[in-house]
file model-v3.cif (mmCIF, C-alpha atoms and all ligand atoms)
data_query
loop_
_atom_site.label_atom_id
_atom_site.label_comp_id
_atom_site.auth_asym_id
_atom_site.auth_seq_id
_atom_site.Cartn_x
_atom_site.Cartn_y
_atom_site.Cartn_z
CA MET A 11 12.95 -41.93 -74.78
CA LYS A 12 11.98 -39.66 -71.89
CA ASN A 13 9.63 -41.32 -69.41
CA THR A 14 6.77 -39.02 -68.47
CA VAL A 15 3.50 -39.35 -66.59
CA ALA A 16 1.81 -39.96 -69.96
CA THR A 17 4.25 -42.70 -71.08
CA ILE A 18 4.06 -44.44 -67.68
CA MET A 19 0.24 -44.45 -67.80
CA LYS A 20 0.34 -45.75 -71.39
CA GLN A 21 2.51 -48.68 -70.29
CA LYS A 22 -0.49 -50.09 -68.40
CA LEU A 23 -2.62 -50.08 -71.54
CA SER A 24 0.09 -51.76 -73.65
CA ASN A 25 0.99 -54.35 -70.97
CA ASP A 26 4.54 -53.01 -70.88
CA ARG A 27 5.56 -53.56 -67.27
CA ILE A 28 7.02 -50.60 -65.41
CA ALA A 29 10.52 -51.09 -63.93
CA MET A 30 11.28 -48.84 -60.97
CA LEU A 31 14.27 -48.84 -58.61
CA THR A 32 15.33 -46.55 -55.81
CA ALA A 33 18.46 -44.40 -56.08
CA TYR A 34 19.81 -41.68 -53.85
CA ASP A 35 22.94 -40.37 -55.60
CA TYR A 36 24.22 -39.10 -58.95
CA SER A 37 26.45 -42.05 -59.94
CA THR A 38 23.90 -44.79 -59.27
CA ALA A 39 21.09 -42.84 -60.93
CA LYS A 40 23.26 -42.34 -64.03
CA ILE A 41 23.94 -46.09 -64.33
CA MET A 42 20.23 -46.93 -63.96
CA ASP A 43 19.24 -44.24 -66.45
CA GLU A 44 21.77 -45.51 -69.00
CA ILE A 45 20.25 -49.03 -68.95
CA GLY A 46 16.69 -47.72 -69.43
CA ILE A 47 14.92 -47.85 -66.07
CA ASN A 48 11.43 -46.26 -66.33
CA ILE A 49 11.23 -44.60 -62.91
CA ILE A 50 13.89 -43.78 -60.32
CA LEU A 51 12.38 -43.43 -56.88
CA VAL A 52 14.27 -41.20 -54.48
CA GLY A 53 12.73 -43.08 -51.59
CA ASP A 54 12.67 -42.02 -47.99
CA SER A 55 14.12 -45.52 -47.51
CA LEU A 56 17.33 -43.45 -47.70
CA GLY A 57 16.70 -43.10 -43.94
CA ASN A 58 17.52 -46.82 -43.60
CA VAL A 59 20.02 -47.58 -46.33
CA ILE A 60 21.94 -44.28 -46.54
CA LEU A 61 21.55 -42.64 -43.12
CA GLY A 62 21.34 -45.79 -40.96
CA TYR A 63 18.10 -44.96 -39.11
CA GLU A 64 15.85 -47.80 -37.91
CA ASN A 65 12.93 -46.42 -39.92
CA THR A 66 11.97 -43.51 -42.19
CA VAL A 67 10.35 -41.31 -39.55
CA SER A 68 13.43 -39.08 -39.01
CA VAL A 69 13.96 -38.27 -42.71
CA THR A 70 13.64 -34.52 -43.43
CA MET A 71 12.71 -32.35 -46.40
CA ASP A 72 16.36 -31.23 -46.59
CA ASP A 73 17.47 -34.89 -46.90
CA MET A 74 14.95 -35.52 -49.69
CA ILE A 75 15.79 -32.31 -51.58
CA ARG A 76 19.55 -32.95 -51.47
CA HIS A 77 19.29 -36.56 -52.70
CA SER A 78 16.57 -35.81 -55.25
CA ALA A 79 18.69 -33.05 -56.79
CA ALA A 80 21.73 -35.37 -56.93
CA VAL A 81 19.70 -38.10 -58.66
CA SER A 82 18.13 -35.69 -61.13
CA ARG A 83 21.62 -34.49 -62.19
CA GLY A 84 22.40 -38.08 -63.27
CA VAL A 85 19.18 -38.68 -65.18
CA LYS A 86 18.26 -38.00 -68.82
CA ASN A 87 15.32 -40.34 -69.50
CA ALA A 88 13.93 -41.84 -66.32
CA LEU A 89 11.06 -40.20 -64.47
CA VAL A 90 12.39 -38.96 -61.12
CA LEU A 91 9.84 -39.65 -58.39
CA THR A 92 10.65 -38.28 -54.94
CA ASP A 93 9.11 -39.30 -51.62
CA MET A 94 7.43 -36.74 -49.38
CA PRO A 95 8.99 -37.45 -45.95
CA PHE A 96 7.09 -37.99 -42.71
CA MET A 97 5.31 -34.83 -41.49
CA SER A 98 5.93 -32.91 -44.73
CA TYR A 99 2.24 -33.41 -45.73
CA GLN A 100 0.30 -35.07 -42.91
CA ALA A 101 -0.50 -31.93 -40.87
CA SER A 102 -2.24 -29.91 -43.59
CA VAL A 103 -3.10 -29.64 -47.27
CA TYR A 104 -1.12 -26.38 -47.30
CA ASP A 105 2.05 -28.17 -46.09
CA ALA A 106 1.49 -30.86 -48.70
CA VAL A 107 1.35 -28.41 -51.62
CA ILE A 108 4.27 -26.25 -50.42
CA ASN A 109 6.53 -29.22 -49.75
CA ALA A 110 5.60 -31.06 -52.95
CA GLY A 111 6.48 -27.84 -54.79
CA LYS A 112 9.88 -27.71 -53.07
CA LEU A 113 10.66 -31.26 -54.19
CA LEU A 114 10.10 -30.13 -57.80
CA LYS A 115 11.69 -26.66 -57.57
CA GLU A 116 14.73 -27.53 -55.44
CA GLY A 117 14.92 -31.35 -55.76
CA HIS A 118 14.17 -31.28 -59.51
CA ALA A 119 11.78 -34.23 -59.17
CA ASN A 120 9.22 -34.90 -61.92
CA ALA A 121 6.61 -36.22 -59.48
CA VAL A 122 6.11 -36.89 -55.76
CA LYS A 123 4.96 -39.92 -53.79
CA LEU A 124 3.07 -39.84 -50.52
CA GLU A 125 1.93 -42.60 -48.20
CA GLY A 126 -1.77 -42.98 -47.48
CA GLY A 127 -5.16 -43.62 -48.98
CA ILE A 128 -8.62 -42.16 -48.48
CA GLU A 129 -7.47 -39.90 -45.59
CA PHE A 130 -5.15 -38.07 -48.00
CA VAL A 131 -7.59 -37.45 -50.84
CA PRO A 132 -7.70 -33.65 -50.17
CA HIS A 133 -3.88 -33.54 -50.18
CA ILE A 134 -3.60 -35.48 -53.46
CA LYS A 135 -6.28 -33.29 -55.08
CA ALA A 136 -4.54 -30.08 -54.01
CA ILE A 137 -1.06 -31.22 -55.11
CA THR A 138 -2.30 -32.36 -58.54
CA ALA A 139 -4.28 -29.10 -58.86
CA ALA A 140 -0.91 -27.34 -58.45
CA SER A 141 0.31 -29.27 -61.55
CA ILE A 142 2.47 -31.66 -59.52
CA PRO A 143 1.98 -35.32 -60.48
CA VAL A 144 1.36 -37.63 -57.50
CA VAL A 145 1.93 -41.33 -56.88
CA ALA A 146 0.09 -42.74 -53.85
CA HIS A 147 1.55 -45.51 -51.66
CA ILE A 148 -0.87 -47.84 -49.84
CA GLY A 149 -0.83 -51.19 -48.03
CA MET A 150 2.18 -51.32 -45.72
CA THR A 151 3.24 -47.69 -45.41
CA PRO A 152 6.61 -47.51 -43.59
CA GLN A 153 6.02 -43.99 -42.17
CA SER A 154 3.18 -45.53 -40.09
CA VAL A 155 5.50 -48.11 -38.49
CA ASN A 156 4.53 -46.82 -35.03
CA VAL A 157 0.85 -47.54 -35.75
CA PHE A 158 1.42 -50.93 -37.42
CA GLY A 159 3.88 -52.02 -34.72
CA GLY A 160 6.44 -53.19 -37.30
CA PHE A 161 6.79 -53.85 -41.02
CA LYS A 162 3.92 -56.32 -41.47
CA LEU A 163 1.80 -57.75 -44.29
CA GLN A 164 -1.40 -55.69 -44.71
CA GLY A 165 -4.74 -56.68 -46.24
CA SER A 166 -4.64 -60.38 -45.38
CA ASP A 167 -8.07 -60.37 -43.72
CA LYS A 168 -11.42 -59.36 -45.25
CA GLU A 169 -11.70 -56.05 -43.40
CA SER A 170 -8.20 -54.75 -44.08
CA ALA A 171 -8.37 -55.94 -47.72
CA ALA A 172 -11.59 -53.93 -48.13
CA LYS A 173 -9.85 -50.82 -46.70
CA ILE A 174 -6.95 -51.18 -49.16
CA ILE A 175 -9.39 -51.57 -52.08
CA GLU A 176 -11.22 -48.45 -50.89
CA ASP A 177 -7.87 -46.59 -50.61
CA ALA A 178 -6.90 -47.63 -54.16
CA LYS A 179 -10.18 -46.34 -55.61
CA ALA A 180 -9.96 -43.11 -53.60
CA VAL A 181 -6.40 -42.18 -54.66
CA GLN A 182 -7.21 -42.83 -58.33
CA GLU A 183 -10.32 -40.67 -58.01
CA ALA A 184 -8.26 -37.93 -56.31
CA GLY A 185 -5.89 -37.73 -59.29
CA ALA A 186 -2.90 -39.96 -58.48
CA PHE A 187 -1.32 -41.19 -61.73
CA ALA A 188 -0.03 -44.44 -60.21
CA VAL A 189 -0.15 -46.30 -56.92
CA VAL A 190 2.51 -48.29 -55.05
CA LEU A 191 1.17 -51.40 -53.30
CA GLU A 192 3.54 -52.53 -50.55
CA CYS A 193 3.44 -55.82 -48.68
CA VAL A 194 -0.05 -57.01 -49.56
CA PRO A 195 -1.19 -60.48 -50.71
CA GLY A 196 -0.59 -61.15 -54.41
CA ASP A 197 -4.27 -61.93 -55.16
CA LEU A 198 -5.38 -58.63 -53.59
CA ALA A 199 -2.79 -56.67 -55.61
CA ALA A 200 -3.85 -58.45 -58.82
CA HIS A 201 -7.51 -57.61 -58.09
CA ILE A 202 -6.67 -53.91 -57.51
CA THR A 203 -4.55 -53.84 -60.68
CA LYS A 204 -7.50 -55.09 -62.77
CA MET A 205 -9.90 -52.71 -61.02
CA LEU A 206 -7.88 -49.49 -61.56
CA ASP A 207 -7.22 -47.44 -64.70
CA ILE A 208 -3.91 -46.14 -63.27
CA PRO A 209 -0.84 -48.40 -63.02
CA THR A 210 -0.01 -50.29 -59.84
CA ILE A 211 3.62 -50.75 -58.85
CA GLY A 212 4.24 -53.58 -56.41
CA ILE A 213 6.81 -54.24 -53.73
CA GLY A 214 6.03 -57.45 -51.89
CA ALA A 215 2.72 -57.54 -53.77
CA GLY A 216 3.26 -60.44 -56.20
CA ASN A 217 3.40 -60.62 -59.96
CA GLY A 218 -0.03 -59.26 -60.82
CA CYS A 219 0.93 -55.56 -60.68
CA ASP A 220 1.67 -53.30 -63.67
CA GLY A 221 5.21 -52.71 -62.42
CA GLN A 222 7.69 -53.52 -59.68
CA VAL A 223 10.00 -51.54 -57.41
CA LEU A 224 12.89 -52.62 -55.18
CA VAL A 225 15.35 -50.77 -52.97
CA TYR A 226 18.63 -51.10 -54.86
CA GLN A 227 20.77 -51.93 -51.83
CA ASP A 228 18.42 -54.88 -51.15
CA MET A 229 18.57 -56.27 -54.69
CA LEU A 230 22.36 -55.84 -54.85
CA GLY A 231 22.97 -57.50 -51.47
CA MET A 232 24.45 -54.34 -49.92
CA TYR A 233 22.09 -53.90 -46.93
CA SER A 234 22.39 -56.63 -44.34
CA ASP A 235 20.30 -55.23 -41.43
CA PHE A 236 17.10 -56.84 -42.71
CA THR A 237 16.11 -58.56 -45.97
CA PRO A 238 12.35 -58.86 -46.57
CA LYS A 239 10.95 -62.10 -48.11
CA PHE A 240 9.99 -60.25 -51.31
CA VAL A 241 13.56 -59.24 -52.22
CA LYS A 242 15.37 -61.05 -55.02
CA LYS A 243 19.14 -60.64 -54.81
CA TYR A 244 20.54 -59.89 -58.27
CA ALA A 245 24.15 -59.58 -57.08
CA ASP A 246 26.24 -60.09 -53.98
CA MET A 247 27.75 -56.62 -53.99
CA GLY A 248 28.23 -56.62 -50.21
CA ASN A 249 30.76 -59.45 -50.47
CA ILE A 250 32.28 -58.09 -53.70
CA MET A 251 32.87 -54.76 -51.92
CA LYS A 252 34.33 -56.51 -48.85
CA GLU A 253 36.77 -58.42 -51.07
CA ALA A 254 37.84 -55.26 -52.95
CA PHE A 255 38.27 -53.23 -49.72
CA SER A 256 40.31 -56.10 -48.16
CA ASN A 257 42.56 -56.29 -51.23
CA TYR A 258 43.11 -52.52 -51.00
CA ILE A 259 44.07 -52.77 -47.32
CA LYS A 260 46.51 -55.61 -48.14
CA ASP A 261 48.09 -53.60 -50.98
CA VAL A 262 48.48 -50.49 -48.81
CA LYS A 263 50.02 -52.46 -45.94
CA SER A 264 52.41 -54.37 -48.24
CA GLY A 265 53.34 -51.24 -50.23
CA SER A 266 52.17 -52.75 -53.54
CA PHE A 267 49.79 -49.80 -54.09
CA PRO A 268 50.32 -47.27 -55.56
CA MET A 269 52.52 -48.51 -58.43
CA GLU A 270 54.38 -46.49 -61.04
CA GLN A 271 51.30 -46.16 -63.28
CA HIS A 272 49.42 -44.50 -60.41
CA THR A 273 52.19 -42.00 -59.67
CA PHE A 274 52.89 -38.54 -61.18
CA SER A 275 56.44 -37.54 -62.07
CA SER A 276 58.02 -34.10 -62.12
CA LYS A 277 58.77 -32.40 -65.46
CA ALA A 278 62.27 -31.37 -64.39
CA GLN A 279 64.93 -33.16 -62.36
CA ILE A 280 64.82 -31.38 -59.02
CA ASP A 281 67.27 -31.89 -56.21
CA TYR A 282 64.84 -31.56 -53.29
CA ASN A 283 67.63 -31.67 -50.68
CA GLN A 284 69.24 -28.61 -52.23
CA GLU A 285 65.86 -26.80 -52.72
CA THR A 286 64.97 -27.14 -49.05
CA GLU A 287 68.42 -25.98 -47.90
CA ASN A 288 68.10 -22.65 -49.85
O1 LIG A 301 11.11 -45.33 -49.74
C1 LIG A 301 11.05 -46.27 -50.54
O2 LIG A 301 12.07 -46.82 -51.00
C2 LIG A 301 9.73 -46.75 -50.94
C3 LIG A 301 9.66 -48.07 -51.63
C4 LIG A 301 9.82 -49.15 -50.62
C5 LIG A 301 8.42 -48.21 -52.43
O3 LIG A 301 8.76 -46.11 -50.67
#

call {"tool": "encode", "arguments": {"input": "model-v3.cif", "output": "structure tokens"}}
result
Amino acid sequence: MKNTVATIMKQKLSNDRIAMLTAYDYSTAKIMDEIGINIILVGDSLGNVILGYENTVSVTMDDMIRHSAAVSRGVKNALVLTDMPFMSYQASVYDAVINAGKLLKEGHANAVKLEGGIEFVPHIKAITAASIPVVAHIGMTPQSVNVFGGFKLQGSDKESAAKIIEDAKAVQEAGAFAVVLECVPGDLAAHITKMLDIPTIGIGAGNGCDGQVLVYQDMLGMYSDFTPKFVKKYADMGNIMKEAFSNYIKDVKSGSFPMEQHTFSSKAQIDYNQETEN
């Protein structure tokens, strides 16, 4: 079944939790789609896990369009949600609408996600008015790393919790169809989830959200630079890959790869010494 904005919103009402993972390429997206993931997020976390930047600030519209288009080619049923990168929407409502449109027209996304709460209400309203579904992202918003001074828990005191609650209400009111809550206390996320009509999707926000999202390299043990507390490792792919690559190197060095079954043969018997002499 195709996941749409309507089916995702219905999942909240029927207590059917929303499973979302990031993907950045055709092959991975195809695997996730085949096993029935609800939403594939083409996250600007690609800046970290694909491009090797320290944070997401350097990610461009071209990066997001290229990876979003690759993911969408691998997907039949998942909803493809693509991040608006830093400075593609912050400077003006006009930028926000034009760039959100590009992510749909050229990146073939079904919806876009942007970081921010009450300050971005005009942007969310204008993008949704252009018939582009929006997911808001509040709490710890990685594009604001230079303001936060690092990737830190948000909303753990009364004042900052009140701001996150206000942000959640504002983005729903502005027309967002879902909201990502990143790195906030579990009780705050559960409170927001009960308060809102739209689904909440948590990352580092406990078990009281309507859905969960993880970066796939984190949950597969493929990204070793930094593993946040909220990540559960479902596989040790980093070590599995290291073992496979080492075995390949050994086989190449010893001459045991390629074998006959990996080798093409000529149709006719050709004497290559004679052919090169003529
Ligand atoms: O870019 C990303 O992967 C994200 C998730 C962490 C929610 O925004």

call {"tool": "closest_atom_pairs", "arguments": {"input": "model-v3.cif", "of": "chain A", "to": "ligand LIG 301 (chain A)", "cutoff": "8 Å", "atoms": "all atoms listed in the file", "output": "CSV"}}
result
residue,atom,partner,partner_atom,distance
A:Thr32,CA,A:LIG301,O2,5.8
A:Leu51,CA,A:LIG301,O2,6.8
A:Val52,CA,A:LIG301,O2,7.0
A:Gly53,CA,A:LIG301,O1,3.3
A:Asp54,CA,A:LIG301,O1,4.1
A:Ser55,CA,A:LIG301,O1,3.8
A:Leu56,CA,A:LIG301,O1,6.8
A:Thr66,CA,A:LIG301,O1,7.8
A:Asp93,CA,A:LIG301,O1,6.6
A:Lys123,CA,A:LIG301,O3,7.9
A:His147,CA,A:LIG301,O3,7.3
A:Thr151,CA,A:LIG301,O3,7.8
A:Pro152,CA,A:LIG301,O3,7.5
A:Val190,CA,A:LIG301,C5,6.5
A:Leu191,CA,A:LIG301,C5,8.0
A:Glu192,CA,A:LIG301,C5,6.8
A:Gly212,CA,A:LIG301,C5,7.9
A:Ile213,CA,A:LIG301,C5,6.4
A:Val223,CA,A:LIG301,C5,6.2
A:Leu224,CA,A:LIG301,C4,6.5
A:Val225,CA,A:LIG301,O2,5.5

call {"tool": "closest_residue", "arguments": {"input": "model-v3.cif", "among": "A:Asn217, A:Gln182, A:Thr38, A:Gln21", "to": "Asp197 of chain A", "atoms": "all atoms listed in the file"}}
result
A:Asn217

call {"tool": "atom_distance", "arguments": {"input": "model-v3.cif", "atom1": "atom CA of Thr138 of chain A", "atom2": "atom CA of Ala80 of chain A"}}
result
24.3 Å

call {"tool": "residues_around", "arguments": {"input": "model-v3.cif", "residues": "Asp177 of chain A", "least_positions_apart": "2", "cutoff": "8 Å", "atoms": "all atoms listed in the file", "output": "compact mmCIF listing (two decimals) with C-alpha atoms, in the coordinates of the input"}}
result
# COMPACT_ATOMS: atom_id res chain seq x y z
CA GLY A 126 -1.77 -42.98 -47.48
CA GLY A 127 -5.16 -43.62 -48.98
CA ILE A 128 -8.62 -42.16 -48.48
CA ILE A 148 -0.87 -47.84 -49.84
CA LYS A 173 -9.85 -50.82 -46.70
CA ILE A 174 -6.95 -51.18 -49.16
CA ILE A 175 -9.39 -51.57 -52.08
CA LYS A 179 -10.18 -46.34 -55.61
CA ALA A 180 -9.96 -43.11 -53.60
CA VAL A 181 -6.40 -42.18 -54.66

call {"tool": "residues_around", "arguments": {"input": "model-v3.cif", "residues": "Leu113 of chain A", "least_positions_apart": "4", "cutoff": "10 Å", "atoms": "all atoms listed in the file", "output": "MDAnalysis selection string"}}
result
chainID A and resid 71:72 74:76 78:79 91:94 108:109 117:122 142

call {"tool": "closest_residue", "arguments": {"input": "model-v3.cif", "among": "A:Ser68, A:Ser154, A:Ser275, A:Asn13", "to": "Met30 of chain A", "atoms": "all atoms listed in the file"}}
result
A:Asn13

call {"tool": "axis_aligned_box", "arguments": {"input": "model-v3.cif", "around": "segment 242-253 of chain A", "padding_each_side": "5 Å", "output": "JSON"}}
result
{"center_x": 26.1, "center_y": -57.9, "center_z": -53.6, "size_x": 31.4, "size_y": 16.3, "size_z": 19.4}

call {"tool": "atom_distance", "arguments": {"input": "model-v3.cif", "atom1": "atom CA of Ala140 of chain A", "atom2": "atom CA of Ile211 of chain A"}}
result
23.8 Å

call {"tool": "build_atoms", "arguments": {"input": "model-v3.cif", "residues": "segment 259-274 of chain A", "atoms": "N, CA, C and O atoms", "output": "PDB file, in the coordinates of the input"}}
result
ATOM      1  N   ILE A 259      43.349 -52.852 -48.608  1.00  0.00           N
ATOM      2  CA  ILE A 259      44.070 -52.770 -47.320  1.00  0.00           C
ATOM      3  C   ILE A 259      45.384 -53.553 -47.414  1.00  0.00           C
ATOM      4  O   ILE A 259      46.444 -53.068 -47.008  1.00  0.00           O
ATOM      5  N   LYS A 260      45.299 -54.771 -48.002  1.00  0.00           N
ATOM      6  CA  LYS A 260      46.510 -55.610 -48.140  1.00  0.00           C
ATOM      7  C   LYS A 260      47.565 -54.884 -48.964  1.00  0.00           C
ATOM      8  O   LYS A 260      48.739 -54.861 -48.610  1.00  0.00           O
ATOM      9  N   ASP A 261      47.152 -54.288 -50.086  1.00  0.00           N
ATOM     10  CA  ASP A 261      48.090 -53.600 -50.980  1.00  0.00           C
ATOM     11  C   ASP A 261      48.737 -52.403 -50.282  1.00  0.00           C
ATOM     12  O   ASP A 261      49.940 -52.164 -50.441  1.00  0.00           O
ATOM     13  N   VAL A 262      47.919 -51.654 -49.518  1.00  0.00           N
ATOM     14  CA  VAL A 262      48.480 -50.490 -48.810  1.00  0.00           C
ATOM     15  C   VAL A 262      49.496 -50.948 -47.779  1.00  0.00           C
ATOM     16  O   VAL A 262      50.612 -50.430 -47.688  1.00  0.00           O
ATOM     17  N   LYS A 263      49.133 -51.982 -47.020  1.00  0.00           N
ATOM     18  CA  LYS A 263      50.020 -52.460 -45.940  1.00  0.00           C
ATOM     19  C   LYS A 263      51.315 -53.038 -46.511  1.00  0.00           C
ATOM     20  O   LYS A 263      52.382 -52.873 -45.943  1.00  0.00           O
ATOM     21  N   SER A 264      51.201 -53.733 -47.681  1.00  0.00           N
ATOM     22  CA  SER A 264      52.410 -54.370 -48.240  1.00  0.00           C
ATOM     23  C   SER A 264      53.203 -53.389 -49.094  1.00  0.00           C
ATOM     24  O   SER A 264      54.305 -53.694 -49.535  1.00  0.00           O
ATOM     25  N   GLY A 265      52.644 -52.227 -49.392  1.00  0.00           N
ATOM     26  CA  GLY A 265      53.340 -51.240 -50.230  1.00  0.00           C
ATOM     27  C   GLY A 265      53.197 -51.525 -51.710  1.00  0.00           C
ATOM     28  O   GLY A 265      53.850 -50.887 -52.539  1.00  0.00           O
ATOM     29  N   SER A 266      52.298 -52.475 -52.095  1.00  0.00           N
ATOM     30  CA  SER A 266      52.170 -52.750 -53.540  1.00  0.00           C
ATOM     31  C   SER A 266      51.162 -51.818 -54.221  1.00  0.00           C
ATOM     32  O   SER A 266      50.897 -51.933 -55.409  1.00  0.00           O
ATOM     33  N   PHE A 267      50.585 -50.895 -53.508  1.00  0.00           N
ATOM     34  CA  PHE A 267      49.790 -49.800 -54.090  1.00  0.00           C
ATOM     35  C   PHE A 267      50.223 -48.520 -53.391  1.00  0.00           C
ATOM     36  O   PHE A 267      50.344 -48.506 -52.150  1.00  0.00           O
ATOM     37  N   PRO A 268      50.443 -47.405 -54.111  1.00  0.00           N
ATOM     38  CA  PRO A 268      50.320 -47.270 -55.560  1.00  0.00           C
ATOM     39  C   PRO A 268      51.565 -47.749 -56.292  1.00  0.00           C
ATOM     40  O   PRO A 268      52.647 -47.765 -55.723  1.00  0.00           O
ATOM     41  N   MET A 269      51.391 -48.100 -57.596  1.00  0.00           N
ATOM     42  CA  MET A 269      52.520 -48.510 -58.430  1.00  0.00           C
ATOM     43  C   MET A 269      52.908 -47.315 -59.328  1.00  0.00           C
ATOM     44  O   MET A 269      52.309 -46.253 -59.238  1.00  0.00           O
ATOM     45  N   GLU A 270      53.880 -47.588 -60.208  1.00  0.00           N
ATOM     46  CA  GLU A 270      54.380 -46.490 -61.040  1.00  0.00           C
ATOM     47  C   GLU A 270      53.263 -45.836 -61.874  1.00  0.00           C
ATOM     48  O   GLU A 270      53.207 -44.621 -62.021  1.00  0.00           O
ATOM     49  N   GLN A 271      52.363 -46.707 -62.399  1.00  0.00           N
ATOM     50  CA  GLN A 271      51.300 -46.160 -63.280  1.00  0.00           C
ATOM     51  C   GLN A 271      50.284 -45.297 -62.531  1.00  0.00           C
ATOM     52  O   GLN A 271      49.475 -44.604 -63.141  1.00  0.00           O
ATOM     53  N   HIS A 272      50.332 -45.341 -61.198  1.00  0.00           N
ATOM     54  CA  HIS A 272      49.420 -44.500 -60.410  1.00  0.00           C
ATOM     55  C   HIS A 272      50.117 -43.259 -59.873  1.00  0.00           C
ATOM     56  O   HIS A 272      49.549 -42.533 -59.050  1.00  0.00           O
ATOM     57  N   THR A 273      51.359 -43.041 -60.302  1.00  0.00           N
ATOM     58  CA  THR A 273      52.190 -42.000 -59.670  1.00  0.00           C
ATOM     59  C   THR A 273      52.555 -40.936 -60.697  1.00  0.00           C
ATOM     60  O   THR A 273      52.875 -41.264 -61.846  1.00  0.00           O
ATOM     61  N   PHE A 274      52.483 -39.660 -60.306  1.00  0.00           N
ATOM     62  CA  PHE A 274      52.890 -38.540 -61.180  1.00  0.00           C
ATOM     63  C   PHE A 274      54.395 -38.343 -61.074  1.00  0.00           C
ATOM     64  O   PHE A 274      54.990 -38.577 -60.022  1.00  0.00           O
TER      65      PHE A 274
END
